[in-house]
Every structure is written in C-alpha cells, then in structure tokens.
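Peer 1: Structure: query_26.csv, CSV, C-alpha atoms.
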chain,number,residue,atom,x,y,z
A,1,MET,CA,133.3,22.9,200.1
A,2,LYS,CA,136.5,21.0,199.4
A,3,PHE,CA,137.3,19.9,195.9
A,4,GLY,CA,140.5,17.8,196.1
A,5,LYS,CA,143.1,20.2,197.4
A,6,ILE,CA,141.0,23.3,196.6
A,7,LYS,CA,138.9,24.9,199.2
A,8,ILE,CA,135.9,26.7,197.7
A,9,THR,CA,134.7,29.6,199.9
A,10,GLN,CA,133.0,33.0,199.4
A,11,ASN,CA,136.5,34.5,199.7
A,12,ASN,CA,138.2,32.3,197.1
A,13,LYS,CA,138.1,32.4,193.3
A,14,THR,CA,135.1,30.9,191.5
A,15,PHE,CA,135.5,27.2,190.7
A,16,ILE,CA,134.7,26.6,187.0
A,17,ILE,CA,133.5,23.3,185.7
A,18,ALA,CA,133.5,22.3,182.0
A,19,GLU,CA,130.5,20.0,181.8
A,20,ILE,CA,131.4,17.6,179.0
A,21,GLY,CA,128.6,15.2,180.1
A,22,ILE,CA,128.2,12.9,177.1
A,23,ASN,CA,129.2,15.5,174.5
A,24,HIS,CA,132.1,13.1,173.8
A,25,GLU,CA,129.5,10.9,172.1
A,26,GLY,CA,131.2,7.8,173.5
A,27,SER,CA,134.5,8.5,171.9
A,28,TYR,CA,137.6,8.3,174.1
A,29,LYS,CA,139.7,10.2,171.6
A,30,LYS,CA,137.1,13.0,171.4
A,31,CYS,CA,136.9,13.2,175.2
A,32,ILE,CA,140.7,13.6,175.5
A,33,GLU,CA,140.5,16.4,173.0
A,34,MET,CA,137.8,18.1,175.0
A,35,VAL,CA,139.7,17.7,178.2
A,36,ASN,CA,142.7,19.4,176.5
A,37,MET,CA,140.6,22.3,175.2
A,38,ALA,CA,138.8,22.7,178.5
A,39,LYS,CA,142.1,23.1,180.2
A,40,LYS,CA,143.3,25.6,177.7
A,41,SER,CA,140.0,27.5,178.1
A,42,GLY,CA,140.7,27.9,181.8
A,43,ALA,CA,138.4,25.3,183.4
A,44,ASP,CA,139.3,24.1,186.9
A,45,ALA,CA,137.6,20.7,186.3
A,46,ILE,CA,135.8,18.6,183.7
A,47,LYS,CA,132.7,16.6,184.5
A,48,LEU,CA,131.4,13.5,182.7
A,49,GLN,CA,128.1,11.7,183.1
A,50,ILE,CA,128.4,7.9,183.7
A,51,VAL,CA,125.1,6.0,183.3
A,52,ASN,CA,124.0,2.4,183.0
A,53,ILE,CA,121.1,3.0,180.7
A,54,GLU,CA,119.4,-0.3,181.4
A,55,GLU,CA,119.4,0.6,185.1
A,56,SER,CA,118.5,4.3,184.7
A,57,TYR,CA,116.0,4.5,181.8
A,58,ALA,CA,113.1,2.5,180.5
A,59,LYS,CA,113.5,1.5,176.8
A,60,GLY,CA,111.6,3.8,174.5
A,61,THR,CA,112.2,6.9,176.6
A,62,SER,CA,114.0,9.9,175.1
A,63,SER,CA,116.8,9.6,177.7
A,64,TYR,CA,117.4,6.0,176.8
A,65,LYS,CA,117.9,7.0,173.2
A,66,VAL,CA,120.2,10.0,174.1
A,67,PHE,CA,122.4,8.0,176.5
A,68,ASN,CA,122.6,4.8,174.4
A,69,LYS,CA,126.1,4.0,173.3
A,70,LYS,CA,127.5,7.1,175.0
A,71,ASN,CA,129.3,5.4,177.8
A,72,LEU,CA,133.1,5.2,177.9
A,73,LYS,CA,134.7,1.9,178.9
A,74,PHE,CA,136.2,1.7,182.4
A,75,PHE,CA,139.8,1.4,181.2
A,76,GLU,CA,139.2,4.6,179.1
A,77,LEU,CA,137.9,6.4,182.2
A,78,ILE,CA,141.1,5.4,184.0
A,79,LYS,CA,143.2,6.8,181.2
A,80,ILE,CA,141.1,10.0,181.2
A,81,LYS,CA,141.7,10.4,184.9
A,82,LYS,CA,145.5,10.0,184.4
A,83,TYR,CA,145.4,12.5,181.5
A,84,CYS,CA,143.6,15.0,183.7
A,85,LYS,CA,146.1,14.6,186.4
A,86,MET,CA,148.9,15.2,184.0
A,87,LYS,CA,147.1,18.3,182.6
A,88,LYS,CA,146.4,19.5,186.2
A,89,ILE,CA,142.6,19.7,185.7
A,90,TYR,CA,140.2,17.9,188.1
A,91,PHE,CA,138.0,15.1,186.8
A,92,PHE,CA,134.8,14.0,188.4
A,93,ALA,CA,131.4,12.6,187.3
A,94,THR,CA,127.7,12.3,187.8
A,95,PRO,CA,126.4,8.7,188.4
A,96,GLY,CA,123.0,7.8,187.0
A,97,ASP,CA,122.5,4.8,189.2
A,98,PHE,CA,124.1,2.5,191.7
A,99,SER,CA,126.2,0.5,189.2
A,100,SER,CA,127.5,3.8,187.8
A,101,LEU,CA,128.2,5.0,191.3
A,102,GLU,CA,130.3,1.9,191.9
A,103,ARG,CA,132.4,2.6,188.8
A,104,ILE,CA,133.0,6.1,190.2
A,105,PHE,CA,134.0,4.7,193.6
A,106,LYS,CA,136.5,2.5,191.9
A,107,LEU,CA,137.9,5.5,190.0
A,108,LYS,CA,138.4,7.3,193.3
A,109,LEU,CA,137.3,10.7,192.0
A,110,PRO,CA,137.5,13.7,194.4
A,111,VAL,CA,133.8,14.7,194.2
A,112,ILE,CA,130.5,13.2,193.1
A,113,LYS,CA,127.8,15.3,191.4
A,114,PHE,CA,124.1,14.6,191.6
A,115,SER,CA,122.0,16.1,188.8
A,116,SER,CA,118.6,17.8,189.4
A,117,GLY,CA,116.9,14.5,188.4
A,118,LEU,CA,118.8,12.7,191.2
A,119,MET,CA,118.5,15.3,194.0
A,120,ASN,CA,115.7,13.2,195.6
A,121,ASN,CA,117.6,9.9,195.2
A,122,TYR,CA,118.5,9.9,198.9
A,123,PRO,CA,119.8,6.3,198.9
A,124,LEU,CA,122.3,7.2,196.2
A,125,ILE,CA,123.4,10.4,198.1
A,126,PHE,CA,123.6,8.5,201.3
A,127,GLU,CA,126.1,6.0,199.8
A,128,CYS,CA,128.5,8.9,199.1
A,129,VAL,CA,128.1,10.6,202.4
A,130,LYS,CA,128.8,7.2,204.2
A,131,LYS,CA,132.2,7.2,202.4
A,132,ALA,CA,132.8,10.9,203.5
A,133,LEU,CA,132.9,11.9,199.8
A,134,PRO,CA,132.3,15.6,198.9
A,135,ILE,CA,129.0,16.0,196.9
A,136,ILE,CA,127.5,18.6,194.7
A,137,ILE,CA,123.7,18.6,194.2
A,138,SER,CA,121.8,20.5,191.5
A,139,THR,CA,118.3,21.6,192.3
A,140,GLY,CA,116.7,22.4,188.9
A,141,LEU,CA,113.6,20.4,189.5
A,142,ALA,CA,113.0,21.4,193.2
A,143,ASP,CA,110.3,23.5,194.7
A,144,GLU,CA,110.7,25.1,198.2
A,145,SER,CA,109.3,21.9,199.9
A,146,ASP,CA,111.9,19.7,198.1
A,147,LEU,CA,114.7,22.0,199.1
A,148,LYS,CA,113.7,21.9,202.8
A,149,LYS,CA,113.4,18.1,202.7
A,150,LEU,CA,116.8,17.8,201.1
A,151,LYS,CA,118.3,20.1,203.8
A,152,ASN,CA,116.7,18.0,206.6
A,153,PHE,CA,118.0,14.8,205.0
A,154,LEU,CA,121.6,16.2,204.7
A,155,ILE,CA,121.4,17.2,208.4
A,156,LYS,CA,120.0,13.7,209.3
A,157,ILE,CA,122.9,11.8,207.6
A,158,LYS,CA,125.4,14.4,208.9
A,159,ALA,CA,126.6,15.5,205.5
A,160,LYS,CA,129.4,18.1,205.9
A,161,ASN,CA,131.3,18.5,202.7
A,162,PHE,CA,128.6,19.5,200.1
A,163,SER,CA,127.6,22.2,197.8
A,164,ILE,CA,124.2,23.1,196.3
A,165,LEU,CA,123.8,24.4,192.7
A,166,LYS,CA,121.0,26.7,191.6
A,167,CYS,CA,119.7,25.4,188.3
A,168,THR,CA,116.8,25.7,185.8
A,169,SER,CA,116.1,22.3,184.2
A,170,GLU,CA,115.2,23.5,180.7
A,171,TYR,CA,117.4,23.0,177.6
A,172,PRO,CA,117.9,25.8,176.9
A,173,ALA,CA,116.6,27.6,180.0
A,174,LYS,CA,114.3,30.5,179.3
A,175,ARG,CA,115.4,33.9,180.6
A,176,LYS,CA,112.2,34.5,182.6
A,177,ASN,CA,112.8,31.2,184.5
A,178,LEU,CA,116.4,31.7,185.6
A,179,ASN,CA,115.6,33.6,188.8
A,180,LEU,CA,119.2,34.0,189.9
A,181,LYS,CA,118.2,35.9,193.1
A,182,LYS,CA,117.4,32.4,194.5
A,183,ILE,CA,121.1,32.0,195.0
A,184,ASN,CA,120.9,34.1,198.1
A,185,TYR,CA,117.9,32.0,199.3
A,186,LEU,CA,119.9,28.8,198.9
A,187,LYS,CA,122.8,30.4,200.8
A,188,ASP,CA,120.5,31.2,203.7
A,189,LEU,CA,118.8,27.8,203.6
A,190,PHE,CA,121.7,25.5,203.3
A,191,ARG,CA,124.5,27.5,204.9
A,192,CYS,CA,127.0,26.1,202.4
A,193,THR,CA,128.9,27.0,199.2
A,194,ILE,CA,126.3,27.7,196.5
A,195,GLY,CA,127.0,27.4,192.8
A,196,TYR,CA,125.1,27.6,189.5
A,197,SER,CA,124.6,25.0,186.8
A,198,ASP,CA,123.9,26.9,183.6
A,199,HIS,CA,121.6,25.8,180.9
A,200,TYR,CA,121.0,29.2,179.4
A,201,ASN,CA,122.4,30.0,175.9
A,202,GLY,CA,125.6,32.0,176.1
A,203,TYR,CA,127.3,32.8,179.4
A,204,ALA,CA,125.5,36.0,180.6
A,205,ALA,CA,123.7,34.0,183.2
A,206,SER,CA,126.9,32.5,184.6
A,207,LEU,CA,128.4,35.9,185.0
A,208,LEU,CA,125.3,37.2,186.8
A,209,ALA,CA,125.3,34.1,189.0
A,210,VAL,CA,128.9,34.9,190.1
A,211,MET,CA,127.9,38.5,190.8
A,212,ASN,CA,125.0,37.1,192.9
A,213,GLY,CA,127.4,35.0,195.0
A,214,ALA,CA,127.8,31.7,193.1
A,215,LYS,CA,131.2,30.2,193.8
A,216,ILE,CA,130.9,27.2,191.5
A,217,ILE,CA,130.0,27.5,187.8
A,218,GLU,CA,129.1,24.4,185.8
A,219,LYS,CA,128.7,25.1,182.1
A,220,HIS,CA,128.2,22.6,179.3
A,221,PHE,CA,131.2,22.4,177.0
A,222,THR,CA,131.5,21.2,173.4
A,223,LEU,CA,133.9,21.5,170.4
A,224,ASN,CA,131.0,22.3,168.1
A,225,LYS,CA,127.6,23.5,169.3
A,226,ASN,CA,126.1,22.8,165.8
A,227,LEU,CA,126.4,19.0,166.3
A,228,LYS,CA,123.1,17.3,166.8
A,229,GLY,CA,122.1,15.3,170.0
A,230,SER,CA,123.3,15.4,173.6
A,231,ASP,CA,123.8,18.9,175.0
A,232,HIS,CA,125.8,20.5,172.2
A,233,HIS,CA,123.2,23.2,171.5
A,234,ILE,CA,123.3,24.7,175.0
A,235,SER,CA,127.1,24.3,175.4
A,236,LEU,CA,130.0,26.8,174.9
A,237,GLU,CA,132.7,26.2,172.4
A,238,PRO,CA,136.3,26.6,173.7
A,239,ASN,CA,136.7,30.3,172.6
A,240,GLU,CA,133.4,31.2,174.3
A,241,PHE,CA,134.3,29.2,177.4
A,242,SER,CA,137.6,31.0,177.6
A,243,ASN,CA,135.9,34.4,177.3
A,244,MET,CA,133.6,33.4,180.2
A,245,VAL,CA,136.4,32.3,182.4
A,246,SER,CA,138.4,35.5,181.7
A,247,ILE,CA,135.4,37.7,182.7
A,248,ILE,CA,134.7,35.6,185.8
A,249,ARG,CA,138.3,35.9,186.9
A,250,GLU,CA,138.0,39.7,186.5
A,251,ILE,CA,134.9,39.7,188.6
A,252,ASP,CA,136.7,37.5,191.3
A,253,GLU,CA,139.5,40.0,191.5
A,254,ILE,CA,137.1,43.0,191.7
A,255,ASN,CA,135.0,41.3,194.4
A,256,PHE,CA,137.8,40.0,196.5
A,257,ASN,CA,141.6,39.9,196.7
A,258,GLU,CA,142.8,37.4,199.2
A,259,SER,CA,146.0,39.2,199.9
A,260,ASN,CA,144.0,42.2,200.9
A,261,GLU,CA,141.5,40.3,203.1
A,262,LYS,CA,142.3,42.1,206.4
A,263,LYS,CA,143.6,45.4,205.1
A,264,PHE,CA,142.6,47.9,202.5
A,265,ILE,CA,145.9,48.5,200.8
A,266,SER,CA,144.9,48.8,197.2
A,267,HIS,CA,144.6,52.6,197.6
A,268,LYS,CA,147.8,53.0,199.6
A,269,PRO,CA,149.9,54.6,196.7
A,270,ASN,CA,147.2,57.2,196.4
A,271,LYS,CA,147.1,58.0,200.1
A,272,LYS,CA,149.8,60.6,199.6
A,273,LEU,CA,147.5,62.5,197.3
A,274,PHE,CA,145.0,63.3,200.1
A,275,ARG,CA,144.7,66.9,201.1
A,276,LYS,CA,147.1,68.1,203.8
A,277,LEU,CA,147.5,70.9,206.3
A,278,ILE,CA,149.4,74.0,205.1
A,279,THR,CA,149.5,77.8,205.9
A,280,ILE,CA,147.6,79.8,203.3
A,281,LYS,CA,148.9,83.2,204.5
A,282,ASP,CA,151.6,84.6,206.7
A,283,ILE,CA,150.9,84.0,210.4
A,284,LYS,CA,152.4,86.5,212.9
A,285,LYS,CA,153.2,85.8,216.5
A,286,GLY,CA,150.0,86.3,218.5
A,287,ASP,CA,147.7,85.5,215.6
A,288,LYS,CA,144.8,83.0,216.3
A,289,ILE,CA,144.8,79.8,214.2
A,290,SER,CA,141.7,79.5,212.0
A,291,PHE,CA,140.4,78.7,208.5
A,292,LYS,CA,141.6,82.1,207.5
A,293,ASN,CA,145.3,81.2,207.8
A,294,ILE,CA,145.3,77.4,207.6
A,295,GLY,CA,144.2,75.5,204.5
A,296,PHE,CA,143.9,72.0,203.1
A,297,LYS,CA,145.8,71.3,199.8
A,298,ARG,CA,147.0,68.4,197.8
A,299,LEU,CA,150.8,68.7,197.9
A,300,LYS,CA,153.8,67.4,196.0
A,301,LYS,CA,155.8,66.3,199.0
A,302,THR,CA,153.5,65.0,201.8
A,303,GLU,CA,155.6,62.6,203.8
A,304,LYS,CA,155.8,64.8,206.9
A,305,SER,CA,152.5,66.7,206.4
A,306,LEU,CA,149.4,66.0,208.4
A,307,ASP,CA,145.8,65.1,207.5
A,308,PRO,CA,143.1,67.7,207.9
A,309,LYS,CA,141.8,66.0,211.1
A,310,TYR,CA,144.8,67.5,213.0
A,311,PHE,CA,143.4,71.0,212.4
A,312,PHE,CA,141.2,70.5,215.5
A,313,LEU,CA,144.4,70.3,217.7
A,314,ILE,CA,145.4,73.8,216.7
A,315,LYS,CA,142.1,75.6,216.0
A,316,ASN,CA,141.8,78.8,218.0
A,317,LYS,CA,145.3,78.4,219.4
A,318,ILE,CA,147.6,81.4,219.5
A,319,SER,CA,150.8,81.2,217.4
A,320,ASN,CA,154.1,81.7,219.3
A,321,LEU,CA,156.0,82.1,216.1
A,322,ASN,CA,156.1,84.1,212.9
A,323,ILE,CA,155.2,81.5,210.2
A,324,LYS,CA,155.4,82.1,206.4
A,325,LYS,CA,152.7,81.3,203.9
A,326,ASN,CA,152.7,77.8,202.2
A,327,LEU,CA,154.5,76.1,205.1
A,328,ILE,CA,153.5,72.5,205.6
A,329,ILE,CA,152.1,71.9,209.1
A,330,THR,CA,154.0,69.2,210.9
A,331,LYS,CA,153.7,67.7,214.4
A,332,LYS,CA,156.7,69.8,215.5
A,333,LEU,CA,154.8,72.9,214.4
A,334,ILE,CA,151.7,71.9,216.2
A,335,LYS,CA,153.6,71.7,219.5
A,336,GLU,CA,154.5,75.4,219.0
A,337,PHE,CA,150.9,76.3,218.7
A,338,ASN,CA,150.0,74.4,221.9
A,339,LYS,CA,152.7,76.0,224.2
Write the structure described by the file as structure tokens, please.
Peer 2:
Amino acid sequence: MKFGKIKITQNNKTFIIAEIGINHEGSYKKCIEMVNMAKKSGADAIKLQIVNIEESYAKGTSSYKVFNKKNLKFFELIKIKKYCKMKKIYFFATPGDFSSLERIFKLKLPVIKFSSGLMNNYPLIFECVKKALPIIISTGLADESDLKKLKNFLIKIKAKNFSILKCTSEYPAKRKNLNLKKINYLKDLFRCTIGYSDHYNGYAASLLAVMNGAKIIEKHFTLNKNLKGSDHHISLEPNEFSNMVSIIREIDEINFNESNEKKFISHKPNKKLFRKLITIKDIKKGDKISFKNIGFKRLKKTEKSLDPKYFFLIKNKISNLNIKKNLIITKKLIKEFNK
C-alpha cells in the first residue's frame, strides 16, 4: 500500500491516521486547530469526511441530522490541504457520494477512504480504481460472504494499490465484538496491507491490533470528547492520541527494525560475553584433552578466544606442549593439539 511517498508494508512502521471526520463541526478554524494538534500528537495523516447530505441521506434520518451543516467549503478544503503540506502531515478524505468524490478528485488527495457503509458501493470504488488512486476500505458491516465478493470485485477491476481495514461498526464498539484475530483472516484473504479502524473507547484495541499485524491505525480524534454530537465520545483527545502513538512506535521498534532486516546485530555488543574455551588445570605434554582440563568460561578479554564449538576439534587429542591453567584457547594452540 502506498500513501503518497510512504510505502506501508509489514516491515515498516505503522501508519497512524487521526480521524477528524466531522468533529470540526463545519468550522474551518477548528479544523486547522485539530490538524495542528494531530501533528503534534504524532499522527501521520488526518482524515475528513466529505458528504453531500442531499445525495447521501434521506431527510429525517439520524445521519442527515448528524451531517447537516458539517461540510467545509471547497476553498477551505484547499487551504486545509496547503496547511497540511506545510505541517508535513498527509490529508485525505472519505466521500459519501459521487459529488463528494468529485470534490476529492479536484483536491488531488493521495488516497481515498471508503467507510464500512460504502464498502459495497462498487461503482464509487470503481471510479477511484479507474484513476489508479490508492484506496482504503473499512469492513465493519461485512460478513464473510461480503468480504469474498469484495475481493472478487477488486480482482475483476484490477485494483492493485489498496488496503483493507478491520472494523466493528458500533459507536462505541463493544469489547466482545472486536474480534481482532480477524486481522490475520483478512491478511490471508486479501493478500494486502491490513489495518484497523478503531471505534472502541480508549486505545487498547489499537495497540492490540498492531500486535496482531495491523499496519494502519485509524482512530477518531477530537479536542474535547465531552462535546455532544458527531464522534466526539469515541475519539481520543490530543494527550491520549499522543500516548497511543508513543506506545505503537515502541511496538514497531520491538517488532521490526529496518536497519537490522537482514542481520541480527542488536546483540553484537554482548557477543563478547559468551562463554569461551580456556584451560582449567595445568596440561602436561602427553595429556589427553577432555572436559577435565578444558572449560568454558565468560572472560574479560575474549577477542582471540574461541567459542565452545571448537572443543570438538581438540577433544581426545594429545597435547604436544606443557600448558598452564587459565590459558585462553586460540586457533594457534589448537594447531599444537592437532600435530
């Protein structure tokens, strides 16, 4: 999965998204403040929801009421994009419909996200794939049949740059319904980068998702979770988000260090502490080499000493020299045993 210049793989650090959604309440000023705080909290990207309510929701529905008057003007979105670029944080969005998708196309955002409610909107997804745009799809409302159909559709339209997010579409999600082990199922099914869209209170589920292999974390973000409406109640405030990012980065480092990908060098300074070959008693010329006169000790100076595996080269050999106790066994000495 490519996100702008960032390549998201199992061997890279977790990509963390601050889901602002509509928590800006339609205020450009508030959205800019949230972008700023998301950056300070360690987010790699912020995500907004862009919806034409007349096209997406019937009047009288709860969604119509929630999204009403929450859209930012197009010129404000352009300014937000510029601000994000200046702050070096990615900005992308979820469209709710075709007219919203067109706005996103005009903004030239690096990725397009489809919410769980849109994962079966194949015409909308197809429009993005036609333009070779990377896509992220949440699967909070999908059963196994839906997932397999989505996989077949993505294959049919030759989608290549996409990611799938495990999700539970409850607000907040109940603990018993999270089922984070499904992350591995999604990996096997889609053979792509798998992430987690978190609706659980707090950030414990996000941490566990990373430990289960999620490489994208999308978590709702707010300046005040006590505000009414939108998704404030399931969101993290900046200090909580910052704590989550800090722990995820620690997990990333524990799980994988890219500089050590092909060699295990983290323990190299301690290698000198391994036990080494040394004489444990005086050896006279003509004595047989055995465990009785050769031992394995941790030494102070071990640069020229040999590992215990070399004992098999001298076991049962006859010494041609008189050798004192506590002498480090070197390759030169081994040659004397083998004459």
Peer 1: Do you know which residues lie at most 10 Å from (132.1, 23.7, 181.8), with coordinates as in the file and all atoms listed in the file counted, and could you write them as an MDAnalysis selection string?
Peer 2: chainID A and resid 16:21 38 41:47 197:198 217:222 235:238 241 244:245
Peer 1: Could you please take those selected residues and save C-alpha atoms as a JSON list (two decimals), keeping the file's coordinate frame?
Peer 2:
[["chain", "number", "residue", "atom", "x", "y", "z"],
["A", 16, "ILE", "CA", 134.70, 26.60, 187.00],
["A", 17, "ILE", "CA", 133.50, 23.30, 185.70],
["A", 18, "ALA", "CA", 133.50, 22.30, 182.00],
["A", 19, "GLU", "CA", 130.50, 20.00, 181.80],
["A", 20, "ILE", "CA", 131.40, 17.60, 179.00],
["A", 21, "GLY", "CA", 128.60, 15.20, 180.10],
["A", 38, "ALA", "CA", 138.80, 22.70, 178.50],
["A", 41, "SER", "CA", 140.00, 27.50, 178.10],
["A", 42, "GLY", "CA", 140.70, 27.90, 181.80],
["A", 43, "ALA", "CA", 138.40, 25.30, 183.40],
["A", 44, "ASP", "CA", 139.30, 24.10, 186.90],
["A", 45, "ALA", "CA", 137.60, 20.70, 186.30],
["A", 46, "ILE", "CA", 135.80, 18.60, 183.70],
["A", 47, "LYS", "CA", 132.70, 16.60, 184.50],
["A", 197, "SER", "CA", 124.60, 25.00, 186.80],
["A", 198, "ASP", "CA", 123.90, 26.90, 183.60],
["A", 217, "ILE", "CA", 130.00, 27.50, 187.80],
["A", 218, "GLU", "CA", 129.10, 24.40, 185.80],
["A", 219, "LYS", "CA", 128.70, 25.10, 182.10],
["A", 220, "HIS", "CA", 128.20, 22.60, 179.30],
["A", 221, "PHE", "CA", 131.20, 22.40, 177.00],
["A", 222, "THR", "CA", 131.50, 21.20, 173.40],
["A", 235, "SER", "CA", 127.10, 24.30, 175.40],
["A", 236, "LEU", "CA", 130.00, 26.80, 174.90],
["A", 237, "GLU", "CA", 132.70, 26.20, 172.40],
["A", 238, "PRO", "CA", 136.30, 26.60, 173.70],
["A", 241, "PHE", "CA", 134.30, 29.20, 177.40],
["A", 244, "MET", "CA", 133.60, 33.40, 180.20],
["A", 245, "VAL", "CA", 136.40, 32.30, 182.40]]
Peer 1: Could you tell me how far atom CA of Leu141 of chain A sits from atom CA of Ser116 of chain A, in Å to one decimal place?
Peer 2: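 Result for atom CA of Ser116 of chain A versus atom CA of Leu141 of chain A: 5.6 Å, one decimal.
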Peer 1: Skip Asn326 of chain A itself and residues of its chain fewer than 3 positions away, then list as an MDAnalysis selection string all residues within 6 Å of it, counting all atoms listed in the file.
Peer 2: chainID A and resid 278:280
Peer 1: Return the single residue from A:Leu186, A:Lys149, A:Leu154, A:Gln10 that is closest to Val210 of chain A, with distances computed using all atoms listed in the file.
Peer 2: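 Checking each of A:Leu186, A:Lys149, A:Leu154, A:Gln10 against Val210 of chain A, counting all atoms listed in the file, the winner is A:Gln10.
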Peer 1: Need the shell around segment 284-289 of chain A: protein/DNA/RNA residues with any atom at most 12 Å away, counting only C-alpha atoms. Skip same-chain ones fewer than 2 positions apart. Format as number ranges by chain?
Peer 2: A: 278-282, 291-295, 311-325, 329, 334, 336-338
Peer 1: Using only C-alpha atoms, which residue out of A:Val35, A:Met86, A:Val51, A:Leu133 lies closest to Lys108 of chain A?
Peer 2: A:Leu133
Peer 1: In terms of the shortest atom-to-atom distance over all atoms listed in the file, which of A:Lys304, A:Tyr57, A:Thr14, A:Tyr171 is closest to Leu207 of chain A?
Peer 2: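 The answer is A:Thr14, which sits nearest to Leu207 of chain A.
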Peer 1: Atom CA of Glu54 of chain A and atom CA of Leu72 of chain A are how many Å apart?
Peer 2: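 Going from atom CA of Glu54 of chain A over to atom CA of Leu72 of chain A, I get 15.2 Å.
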Peer 1: Using all atoms listed in the file, find the one residue out of A:Ile104, A:Leu165, A:Cys192, A:Met34 that sits nearest to Lys2 of chain A.
Peer 2: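 Closest to Lys2 of chain A of all the choices is A:Cys192.
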Peer 1: So the first atom is atom CA of Phe296 of chain A and the second is atom CA of Arg275 of chain A; what is the distance between them in Å, to one decimal place?
Peer 2: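 Answer for the atom CA of Phe296 of chain A to atom CA of Arg275 of chain A separation: 5.5 Å.
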Peer 1: Extract, using all atoms listed in the file, all DNA, RNA and protein residues at most 10 Å from Gly26 of chain A, discarding same-chain residues fewer than 2 positions from it, and format them as a PyMOL selection string.
Peer 2: chain A and resi 22-24+28-31+67-73
Peer 1: Taking (144.0, 8.8, 182.6) in the file's coordinates as the center, which residues reach within 12 Å of it, counting all atoms listed in the file, put as number ranges by chain?
Peer 2: A: 28-29, 31-32, 35, 74-91, 107, 109
Peer 1: Write a file of the just-selected residues containing C-alpha atoms, as a short mmCIF file (atom, residue, chain, number, x, y, z; two decimals), in the coordinates of the input.
Peer 2:
data_model
loop_
_atom_site.label_atom_id
_atom_site.label_comp_id
_atom_site.auth_asym_id
_atom_site.auth_seq_id
_atom_site.Cartn_x
_atom_site.Cartn_y
_atom_site.Cartn_z
CA TYR A 28 137.60 8.30 174.10
CA LYS A 29 139.70 10.20 171.60
CA CYS A 31 136.90 13.20 175.20
CA ILE A 32 140.70 13.60 175.50
CA VAL A 35 139.70 17.70 178.20
CA PHE A 74 136.20 1.70 182.40
CA PHE A 75 139.80 1.40 181.20
CA GLU A 76 139.20 4.60 179.10
CA LEU A 77 137.90 6.40 182.20
CA ILE A 78 141.10 5.40 184.00
CA LYS A 79 143.20 6.80 181.20
CA ILE A 80 141.10 10.00 181.20
CA LYS A 81 141.70 10.40 184.90
CA LYS A 82 145.50 10.00 184.40
CA TYR A 83 145.40 12.50 181.50
CA CYS A 84 143.60 15.00 183.70
CA LYS A 85 146.10 14.60 186.40
CA MET A 86 148.90 15.20 184.00
CA LYS A 87 147.10 18.30 182.60
CA LYS A 88 146.40 19.50 186.20
CA ILE A 89 142.60 19.70 185.70
CA TYR A 90 140.20 17.90 188.10
CA PHE A 91 138.00 15.10 186.80
CA LEU A 107 137.90 5.50 190.00
CA LEU A 109 137.30 10.70 192.00
#
Peer 1: Could you give me, as number ranges by chain, the residues within 9 Å of Leu189 of chain A, counting all atoms listed in the file and dropping anything in the same chain fewer than 6 positions from it?
Peer 2: A: 147-148, 151
Peer 1: So, counting only C-alpha atoms, which residue among A:Ser163, A:Asn52, A:Asn201, A:Ser100 is closest to Ala214 of chain A?
Peer 2: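 Answer, going by the shortest atom-to-atom distance: A:Ser163.
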Peer 1: Please list as JSON, numbers by chain every residue within 10 Å of segment 157-160 of chain A, counting all atoms listed in the file and excluding residues in the same chain fewer than 4 positions away.
Peer 2: {"A": [1, 122, 125, 126, 128, 129, 130, 132, 133, 134, 135, 151, 152, 153, 192]}
Peer 1: Using all atoms listed in the file, which of A:Asn239, A:Gly229, A:Asn212, A:Ser305 sits nearest Lys65 of chain A?
Peer 2: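 Nearest to Lys65 of chain A: A:Gly229.
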Peer 1: Extract segment 325-336 of chain A from the preceding block and save N, CA and C atoms as a PDB file, in the first residue's frame.
Peer 2:
ATOM      1  N   LYS A 325      47.384 -23.577  33.529  1.00  0.00           N
ATOM      2  CA  LYS A 325      45.970 -23.347  33.852  1.00  0.00           C
ATOM      3  C   LYS A 325      45.581 -21.909  33.504  1.00  0.00           C
ATOM      4  N   ASN A 326      44.306 -21.748  33.129  1.00  0.00           N
ATOM      5  CA  ASN A 326      43.705 -20.432  32.802  1.00  0.00           C
ATOM      6  C   ASN A 326      44.302 -19.795  31.548  1.00  0.00           C
ATOM      7  N   LEU A 327      44.777 -20.617  30.628  1.00  0.00           N
ATOM      8  CA  LEU A 327      45.254 -20.106  29.345  1.00  0.00           C
ATOM      9  C   LEU A 327      44.106 -20.149  28.332  1.00  0.00           C
ATOM     10  N   ILE A 328      43.880 -19.028  27.648  1.00  0.00           N
ATOM     11  CA  ILE A 328      42.814 -18.956  26.643  1.00  0.00           C
ATOM     12  C   ILE A 328      43.193 -19.804  25.438  1.00  0.00           C
ATOM     13  N   ILE A 329      42.257 -20.611  24.980  1.00  0.00           N
ATOM     14  CA  ILE A 329      42.495 -21.463  23.814  1.00  0.00           C
ATOM     15  C   ILE A 329      42.342 -20.643  22.544  1.00  0.00           C
ATOM     16  N   THR A 330      43.379 -20.599  21.716  1.00  0.00           N
ATOM     17  CA  THR A 330      43.359 -19.869  20.443  1.00  0.00           C
ATOM     18  C   THR A 330      43.505 -20.860  19.292  1.00  0.00           C
ATOM     19  N   LYS A 331      43.312 -20.369  18.081  1.00  0.00           N
ATOM     20  CA  LYS A 331      43.467 -21.235  16.903  1.00  0.00           C
ATOM     21  C   LYS A 331      44.912 -21.743  16.791  1.00  0.00           C
ATOM     22  N   LYS A 332      45.864 -20.900  17.191  1.00  0.00           N
ATOM     23  CA  LYS A 332      47.275 -21.286  17.156  1.00  0.00           C
ATOM     24  C   LYS A 332      47.535 -22.471  18.087  1.00  0.00           C
ATOM     25  N   LEU A 333      46.864 -22.426  19.267  1.00  0.00           N
ATOM     26  CA  LEU A 333      47.036 -23.507  20.234  1.00  0.00           C
ATOM     27  C   LEU A 333      46.390 -24.797  19.761  1.00  0.00           C
ATOM     28  N   ILE A 334      45.252 -24.672  19.086  1.00  0.00           N
ATOM     29  CA  ILE A 334      44.565 -25.842  18.546  1.00  0.00           C
ATOM     30  C   ILE A 334      45.475 -26.596  17.566  1.00  0.00           C
ATOM     31  N   LYS A 335      46.257 -25.849  16.794  1.00  0.00           N
ATOM     32  CA  LYS A 335      47.164 -26.488  15.839  1.00  0.00           C
ATOM     33  C   LYS A 335      48.208 -27.344  16.565  1.00  0.00           C
ATOM     34  N   GLU A 336      48.593 -26.912  17.746  1.00  0.00           N
ATOM     35  CA  GLU A 336      49.556 -27.695  18.534  1.00  0.00           C
ATOM     36  C   GLU A 336      48.937 -29.021  18.984  1.00  0.00           C
TER      37      GLU A 336
END
